[in-house]
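This is entry27.txt. It holds compact mmCIF, C-alpha atoms and all ligand atoms.
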```
# COMPACT_ATOMS: atom_id res chain seq x y z
CA MET A 1 -25.61 -3.70 5.82
CA LEU A 2 -24.11 -5.01 2.59
CA LEU A 3 -25.33 -8.61 2.56
CA GLY A 4 -25.86 -11.19 -0.12
CA CYS A 5 -24.82 -14.55 -1.46
CA HIS A 6 -23.24 -16.32 -4.39
CA LEU A 7 -25.83 -16.52 -7.15
CA SER A 8 -26.05 -18.76 -10.19
CA ILE A 9 -25.84 -17.14 -13.63
CA ALA A 10 -27.73 -19.99 -15.30
CA GLY A 11 -30.05 -18.42 -17.84
CA GLY A 12 -27.98 -15.28 -18.36
CA LEU A 13 -25.84 -12.86 -16.39
CA GLU A 14 -28.49 -10.19 -15.89
CA ARG A 15 -30.89 -12.70 -14.37
CA VAL A 16 -29.07 -12.36 -11.05
CA PHE A 17 -30.86 -9.07 -10.38
CA ALA A 18 -34.27 -10.72 -10.31
CA GLN A 19 -32.88 -13.31 -7.89
CA ALA A 20 -31.36 -10.56 -5.74
CA GLU A 21 -34.71 -8.76 -5.64
CA GLU A 22 -36.45 -11.93 -4.56
CA LEU A 23 -33.91 -12.56 -1.80
CA GLY A 24 -33.92 -8.92 -0.72
CA ILE A 25 -30.14 -8.64 -0.96
CA ASN A 26 -28.00 -5.64 -1.93
CA ALA A 27 -24.72 -7.53 -2.50
CA LEU A 28 -23.87 -10.58 -4.59
CA GLN A 29 -21.14 -12.76 -6.02
CA ILE A 30 -21.14 -14.55 -9.36
CA PHE A 31 -18.98 -16.66 -11.62
CA SER A 32 -18.78 -14.75 -14.90
CA HIS A 33 -19.10 -18.00 -16.88
CA ASN A 34 -19.29 -21.78 -16.38
CA ALA A 35 -17.02 -22.40 -13.38
CA ARG A 36 -16.11 -25.92 -14.46
CA SER A 37 -14.73 -24.88 -17.81
CA TRP A 38 -11.76 -22.88 -19.00
CA LYS A 39 -13.77 -21.77 -21.98
CA MET A 40 -14.50 -18.10 -21.69
CA GLY A 41 -16.15 -16.79 -24.82
CA GLU A 42 -16.09 -13.11 -25.62
CA LEU A 43 -18.64 -11.18 -23.65
CA PRO A 44 -20.93 -9.58 -26.27
CA PRO A 45 -21.15 -5.80 -25.68
CA GLU A 46 -24.98 -6.05 -25.75
CA GLU A 47 -24.88 -8.53 -22.89
CA ALA A 48 -22.60 -6.30 -20.83
CA ALA A 49 -24.87 -3.33 -21.54
CA ARG A 50 -27.96 -5.29 -20.47
CA PHE A 51 -26.18 -6.30 -17.28
CA ARG A 52 -25.26 -2.69 -16.47
CA LEU A 53 -28.82 -1.48 -17.14
CA SER A 54 -30.41 -4.18 -14.98
CA TRP A 55 -27.92 -3.43 -12.23
CA ALA A 56 -28.67 0.30 -12.33
CA ALA A 57 -32.39 -0.45 -12.02
CA SER A 58 -31.84 -2.78 -9.05
CA ARG A 59 -31.09 -2.27 -5.38
CA VAL A 60 -27.78 -4.10 -5.65
CA GLU A 61 -24.88 -1.98 -4.41
CA TYR A 62 -22.00 -4.46 -4.48
CA ILE A 63 -20.95 -7.17 -6.92
CA VAL A 64 -17.82 -9.32 -6.96
CA ILE A 65 -16.82 -11.90 -9.59
CA HIS A 66 -15.29 -15.15 -8.32
CA THR A 67 -12.73 -16.80 -10.62
CA ILE A 68 -13.12 -20.47 -11.54
CA TYR A 69 -11.68 -23.14 -9.25
CA LEU A 70 -9.45 -24.66 -11.94
CA ILE A 71 -7.00 -21.77 -11.62
CA ASN A 72 -3.60 -22.48 -10.09
CA LEU A 73 -1.32 -19.44 -10.05
CA ALA A 74 1.46 -21.51 -8.46
CA SER A 75 1.38 -24.56 -10.70
CA PRO A 76 4.76 -26.03 -11.65
CA ARG A 77 3.16 -27.20 -14.91
CA GLU A 78 3.88 -24.44 -17.38
CA GLU A 79 0.73 -24.95 -19.42
CA LEU A 80 -1.61 -24.79 -16.42
CA TYR A 81 0.32 -21.84 -15.01
CA ARG A 82 0.06 -19.83 -18.26
CA ARG A 83 -3.60 -20.75 -18.62
CA SER A 84 -4.32 -19.63 -15.06
CA ILE A 85 -2.67 -16.25 -15.55
CA GLY A 86 -4.61 -15.78 -18.79
CA ALA A 87 -7.89 -16.71 -17.09
CA VAL A 88 -7.43 -14.19 -14.27
CA VAL A 89 -6.55 -11.48 -16.82
CA LYS A 90 -9.74 -12.32 -18.73
CA GLU A 91 -11.85 -12.22 -15.57
CA LEU A 92 -10.55 -8.75 -14.77
CA GLU A 93 -11.36 -7.61 -18.31
CA ARG A 94 -14.86 -9.06 -18.08
CA ALA A 95 -15.37 -7.38 -14.73
CA ALA A 96 -14.36 -4.04 -16.24
CA ALA A 97 -16.80 -4.56 -19.13
CA LEU A 98 -19.60 -5.32 -16.66
CA GLY A 99 -18.72 -2.42 -14.35
CA VAL A 100 -17.86 -4.85 -11.53
CA PRO A 101 -15.09 -3.34 -9.37
CA GLN A 102 -13.68 -6.52 -7.79
CA VAL A 103 -12.59 -10.03 -8.79
CA ASN A 104 -11.89 -12.62 -6.11
CA THR A 105 -9.53 -15.55 -6.62
CA HIS A 106 -7.94 -18.45 -4.80
CA ILE A 107 -4.19 -18.56 -5.33
CA GLY A 108 -3.57 -22.23 -5.96
CA ALA A 109 -1.28 -24.97 -4.72
CA HIS A 110 2.42 -25.70 -5.00
CA VAL A 111 1.70 -29.44 -5.44
CA GLY A 112 4.90 -30.60 -3.81
CA MET A 113 7.35 -27.89 -4.89
CA GLY A 114 7.38 -26.32 -1.42
CA GLN A 115 5.72 -23.27 0.02
CA GLU A 116 8.52 -20.83 -0.66
CA TRP A 117 8.71 -21.90 -4.29
CA GLY A 118 4.93 -21.71 -4.65
CA LEU A 119 4.70 -18.25 -3.15
CA ALA A 120 7.42 -16.90 -5.44
CA ARG A 121 5.68 -18.50 -8.42
CA ALA A 122 2.31 -16.99 -7.44
CA ARG A 123 3.90 -13.61 -6.85
CA ALA A 124 5.29 -13.61 -10.36
CA ALA A 125 1.87 -14.63 -11.71
CA LEU A 126 0.12 -11.82 -9.87
CA ARG A 127 2.62 -9.28 -11.11
CA GLU A 128 2.04 -10.39 -14.67
CA VAL A 129 -1.74 -10.21 -14.18
CA LEU A 130 -1.48 -6.66 -12.84
CA ARG A 131 0.87 -5.62 -15.62
CA ARG A 132 -1.42 -7.01 -18.32
CA THR A 133 -4.47 -5.29 -16.82
CA ASP A 134 -2.77 -2.04 -15.91
CA GLY A 135 -5.22 0.84 -15.79
CA LEU A 136 -8.36 -1.31 -15.46
CA PRO A 137 -10.57 -0.02 -12.63
CA VAL A 138 -10.85 -3.50 -11.09
CA LYS A 139 -9.28 -4.81 -7.91
CA LEU A 140 -8.08 -8.38 -7.56
CA LEU A 141 -8.90 -9.91 -4.18
CA LEU A 142 -6.93 -12.88 -2.87
CA GLU A 143 -8.98 -15.23 -0.72
CA ASN A 144 -7.58 -16.89 2.37
CA THR A 145 -7.77 -20.69 2.24
CA ALA A 146 -8.24 -23.56 4.68
CA GLY A 147 -4.73 -24.76 3.86
CA GLU A 148 -5.78 -28.18 2.56
CA GLY A 149 -2.90 -30.19 1.16
CA THR A 150 -0.40 -27.89 -0.55
CA VAL A 151 -2.87 -25.05 -1.10
CA LEU A 152 -1.32 -21.63 -0.52
CA GLY A 153 -2.78 -18.61 1.26
CA SER A 154 -4.07 -19.96 4.56
CA ARG A 155 -1.82 -17.77 6.75
CA PHE A 156 -1.71 -14.00 6.90
CA GLU A 157 2.10 -14.13 6.47
CA GLU A 158 1.69 -15.80 3.08
CA LEU A 159 -1.07 -13.45 2.01
CA ALA A 160 0.98 -10.44 3.08
CA LEU A 161 3.76 -11.60 0.76
CA LEU A 162 1.36 -12.07 -2.14
CA LEU A 163 -0.38 -8.76 -1.55
CA GLU A 164 2.89 -7.00 -2.39
CA LEU A 165 2.65 -4.68 0.59
CA ASP A 166 6.24 -3.72 -0.04
CA ARG A 167 5.55 -2.53 -3.59
CA GLY A 168 2.32 -0.66 -3.14
CA GLY A 169 0.02 -3.14 -4.85
CA GLU A 170 -3.02 -0.86 -4.60
CA ARG A 171 -4.98 -3.10 -6.95
CA LEU A 172 -4.66 -6.13 -4.68
CA GLY A 173 -6.98 -6.71 -1.74
CA LEU A 174 -7.95 -9.45 0.68
CA CYS A 175 -11.10 -11.55 0.99
CA PHE A 176 -11.45 -13.29 4.34
CA ASP A 177 -13.55 -16.46 4.28
CA THR A 178 -14.73 -17.34 7.80
CA CYS A 179 -14.86 -21.11 7.17
CA HIS A 180 -11.40 -21.11 5.62
CA GLY A 181 -9.92 -18.90 8.35
CA PHE A 182 -11.36 -21.09 11.09
CA ALA A 183 -10.20 -24.30 9.39
CA ALA A 184 -6.75 -22.73 8.97
CA GLY A 185 -6.54 -22.27 12.75
CA TYR A 186 -7.79 -18.70 13.34
CA ASP A 187 -10.27 -19.05 16.19
CA ILE A 188 -12.82 -16.48 15.05
CA ALA A 189 -15.58 -18.42 16.81
CA SER A 190 -14.54 -17.12 20.24
CA ALA A 191 -14.57 -13.48 21.35
CA ARG A 192 -10.91 -13.54 22.27
CA GLY A 193 -9.89 -15.47 19.17
CA LEU A 194 -11.66 -12.97 16.92
CA GLU A 195 -9.82 -10.05 18.56
CA GLU A 196 -6.50 -11.87 18.24
CA THR A 197 -7.16 -12.74 14.61
CA LEU A 198 -8.05 -9.13 13.74
CA ALA A 199 -5.00 -7.86 15.61
CA GLN A 200 -2.80 -10.23 13.58
CA LEU A 201 -4.49 -9.23 10.36
CA GLU A 202 -3.98 -5.58 11.20
CA LEU A 203 -0.33 -6.14 12.03
CA GLU A 204 0.63 -8.39 9.14
CA ILE A 205 -1.54 -7.04 6.33
CA GLY A 206 -3.48 -3.98 7.45
CA LEU A 207 -7.25 -3.75 7.72
CA GLU A 208 -7.41 -1.28 4.83
CA ARG A 209 -6.59 -4.21 2.50
CA LEU A 210 -9.58 -6.23 3.70
CA ALA A 211 -12.29 -5.74 1.07
CA LEU A 212 -14.73 -8.63 1.46
CA ILE A 213 -15.93 -11.22 3.98
CA HIS A 214 -17.24 -14.64 2.93
CA LEU A 215 -19.66 -15.80 5.62
CA ASN A 216 -19.63 -19.58 5.86
CA ASP A 217 -19.91 -21.80 8.88
CA SER A 218 -17.44 -24.69 9.08
CA GLN A 219 -18.32 -28.39 9.22
CA TYR A 220 -14.96 -29.19 10.73
CA LYS A 221 -13.07 -28.13 13.83
CA LEU A 222 -10.60 -25.32 14.38
CA GLY A 223 -7.38 -26.00 12.50
CA SER A 224 -8.80 -29.01 10.61
CA HIS A 225 -7.56 -27.57 7.28
CA LYS A 226 -10.76 -28.90 5.71
CA ASP A 227 -12.74 -26.61 3.42
CA ARG A 228 -16.33 -27.72 4.04
CA HIS A 229 -18.90 -24.95 4.26
CA GLN A 230 -21.87 -25.34 6.57
CA HIS A 231 -25.15 -23.46 7.00
CA ILE A 232 -24.90 -20.41 9.27
CA GLY A 233 -25.13 -21.44 12.92
CA GLU A 234 -25.00 -25.18 12.21
CA GLY A 235 -21.24 -25.56 12.20
CA GLU A 236 -18.28 -24.96 14.46
CA ILE A 237 -18.40 -21.14 14.29
CA GLY A 238 -22.00 -20.94 15.46
CA LEU A 239 -24.53 -18.12 15.77
CA GLU A 240 -22.69 -16.35 18.58
CA GLY A 241 -19.51 -16.38 16.56
CA PHE A 242 -21.27 -14.87 13.54
CA ALA A 243 -22.98 -12.24 15.73
CA ARG A 244 -19.55 -11.01 16.85
CA ILE A 245 -18.11 -11.11 13.32
CA ILE A 246 -20.88 -9.20 11.52
CA ASN A 247 -21.25 -6.56 14.25
CA HIS A 248 -17.55 -6.00 14.88
CA PRO A 249 -16.75 -2.30 14.42
CA LYS A 250 -13.78 -3.21 12.23
CA LEU A 251 -15.83 -5.49 9.97
CA ARG A 252 -19.43 -4.32 9.99
CA ASP A 253 -19.21 -1.97 7.01
CA LEU A 254 -17.61 -4.55 4.69
CA PRO A 255 -19.67 -6.54 2.19
CA PHE A 256 -20.72 -9.96 3.53
CA ILE A 257 -21.29 -12.75 0.99
CA LEU A 258 -22.64 -16.17 1.89
CA GLU A 259 -21.35 -19.28 0.13
CA THR A 260 -23.30 -21.69 2.30
CA PRO A 261 -24.65 -24.93 0.81
CA LYS A 262 -27.54 -24.28 -1.56
CA LEU A 263 -29.42 -27.42 -0.74
CA ALA A 264 -31.61 -27.62 2.32
CA GLN A 265 -31.18 -31.41 2.22
CA GLU A 266 -27.62 -30.99 3.45
CA SER A 267 -29.03 -29.71 6.72
CA ALA A 268 -31.09 -31.63 9.20
CA LYS A 269 -32.84 -28.44 10.22
CA LEU A 270 -33.82 -26.95 6.86
CA ASP A 271 -36.72 -28.05 4.73
CA SER A 272 -36.85 -25.33 2.07
CA ASP A 273 -34.48 -23.14 0.04
CA ALA A 274 -31.33 -22.62 2.04
CA ASP A 275 -30.32 -19.10 0.94
CA PRO A 276 -33.31 -17.19 2.41
CA ILE A 277 -32.88 -19.04 5.69
CA ASN A 278 -29.14 -18.41 5.99
CA LEU A 279 -29.61 -14.75 5.02
CA ASP A 280 -32.36 -14.41 7.60
CA ARG A 281 -30.15 -15.90 10.30
CA ILE A 282 -27.53 -13.22 9.60
CA ARG A 283 -30.09 -10.40 9.51
CA ARG A 284 -31.46 -11.43 12.91
CA LEU A 285 -27.95 -11.27 14.39
CA ARG A 286 -27.31 -7.75 13.13
CA GLU A 287 -27.29 -5.10 15.85
CA PRO A 288 -27.72 -1.37 15.36
CA ARG A 289 -24.52 0.66 15.36
CA ALA A 290 -23.26 1.27 18.89
CA TRP A 291 -23.24 5.07 18.62
ZN ZN A 301 -15.03 -18.23 0.10
ZN ZN A 302 -14.43 -22.72 0.59
```
Please re-express this file's structure in structure tokens.
Amino acid sequence: MLLGCHLSIAGGLERVFAQAEELGINALQIFSHNARSWKMGELPPEEAARFRLSWAASRVEYIVIHTIYLINLASPREELYRRSIGAVVKELERAAALGVPQVNTHIGAHVGMGQEWGLARARAALREVLRRTDGLPVKLLLENTAGEGTVLGSRFEELALLLELDRGGERLGLCFDTCHGFAAGYDIASARGLEETLAQLELEIGLERLALIHLNDSQYKLGSHKDRHQHIGEGEIGLEGFARIINHPKLRDLPFILETPKLAQESAKLDSDADPINLDRIRRLREPRAW
């Protein structure tokens, strides 16, 4: 099972491998730089080389870079729009330098310009990003959202449009976040709802585009459109829901990354580091392959 969580790069990029070892995980997600800042200095070749060496010596099989949250690929403000495109291009270049095969991003929000306008704007941004990084061996994953406010990408129809299914778009893939999907109204917590959601995904996008699952429980109810992650099993999706998701024959071979709250204090039931506990909850739910 490819399982891991979002890790902090405080203290240096290659430090994540020691953390991964400690947590016993073979998959991980990182920000490639300070996620609250646009500033992205050049990645020194020595640092990239150290990262690759530490990775090769580790048991980590899968790494994805998450772009910063400031990005809005649908912004009507020209400066923010250009900056966002540039930032995604840079993230893809950094990923290539580090040997990381995937970058995951949120699309952004139309902030009042309307969904159709926002989707067209984001489509143009994605095309430019792909053009400017043509030939790089890195895929760009678009993450589904909870659909808060004017945020784009909560419905498969919207994602299908952005994934450029009509034009090939081999370098674009999908990341499905369980908390976001549930908050957006996809009832993946129930057995029937999960089947219906996967059938819709298959029909509208195609399962071959699905590259990554973010495992997060949801603090809020189905269709709440609120993006509030909860510890595994302590939210509205629940342990049974996660058992079905991680063992589903159509999903079980994908990488699973947790983005659950880091602090145990946010849970009434946890009194130590949250990551080992949430990882352990998932591991206990994993069933051997059915055949
Ligand atoms: Zn996510
Ligand atoms: Zn989220």
*Determine, counting all atoms listed in the file, which protein, DNA and RNA residues have an atom within 9 Å of an atom of Arg244 in chain A; residues of the same chain fewer than 4 positions away are not included. Present the result as a ChimeraX atom specification.*
/A:188-191,194,239-240,248,285
*Interatomic distance between CA of Phe51 in chain A and CA of Leu23 in chain A?*
18.4 Å
*Between CA of Arg36 in chain A and CA of Ile63 in chain A, distance in Å (one decimal)*: 20.8 Å
Kindly compile the residues surrounding ligand ZN 302 (chain A) within 7 Å, counting all atoms listed in the file, and format them as a PDB file with C-alpha atoms, keeping the file's coordinate frame.
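Wrote out-v1.pdb, looks like this:
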```
ATOM      1  CA  CYS A 179     -14.860 -21.110   7.170  1.00  0.00           C
ATOM      2  CA  HIS A 180     -11.400 -21.110   5.620  1.00  0.00           C
ATOM      3  CA  ASP A 227     -12.740 -26.610   3.420  1.00  0.00           C
ATOM      4  CA  ARG A 228     -16.330 -27.720   4.040  1.00  0.00           C
ATOM      5  CA  HIS A 229     -18.900 -24.950   4.260  1.00  0.00           C
TER       6      HIS A 229
END
```
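Distances here use all atoms listed in the file; by that measure, the residue among A:Ile68, A:Ile107, A:Leu3, A:Ile9 closest to Lys39 in chain A is A:Ile68.
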*State, in Å with one decimal place, the distance from CA of Ile237 in chain A to CA of Asp217 in chain A.*
5.7 Å
*Can I get the residues close to ligand ZN 301 (chain A) as a list in words, where close means within 8 Å and we count all atoms listed in the file?*
Glu143, Asn144, Thr145, Cys175, Phe176, Asp177, Thr178, Cys179, His180, His214, Leu215, Asn216 and Glu259 of chain A
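For the set A:Ile232, A:Leu141, A:Ile25, A:Ala109, the residue with the smallest atom-to-atom gap to Glu61 in chain A is A:Ile25, counting all atoms listed in the file.
Nearest residue to His231 in chain A, choosing from A:Glu42, A:Asp280, A:Glu78, A:Glu157 and counting all atoms listed in the file: A:Asp280.
Using all atoms listed in the file, the residues found no farther than 8 Å from range 125-139 of chain A, other than those of its own chain fewer than 2 positions away, are Leu73, Ala74, Ile85, Gly86, Val88, Val89, Leu92, Glu93, Ala95, Ala96, Val100, Pro101, Gln102, Val103, Arg121, Ala122, Arg123, Leu141, Leu162, Arg171, Leu172 and Gly173 of chain A.
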*Name the closest residue to Arg192 in chain A among the candidates A:Leu98, A:Gly12, A:Ser37, A:Gly241; distances are taken between atoms, counting only C-alpha atoms.*
A:Gly241
*Residues within 12 Å of Ala49 in chain A, all atoms listed in the file, excluding chain neighbours under 2 positions, as a ChimeraX atom specification*: /A:13-14,43-47,51-56,96-99
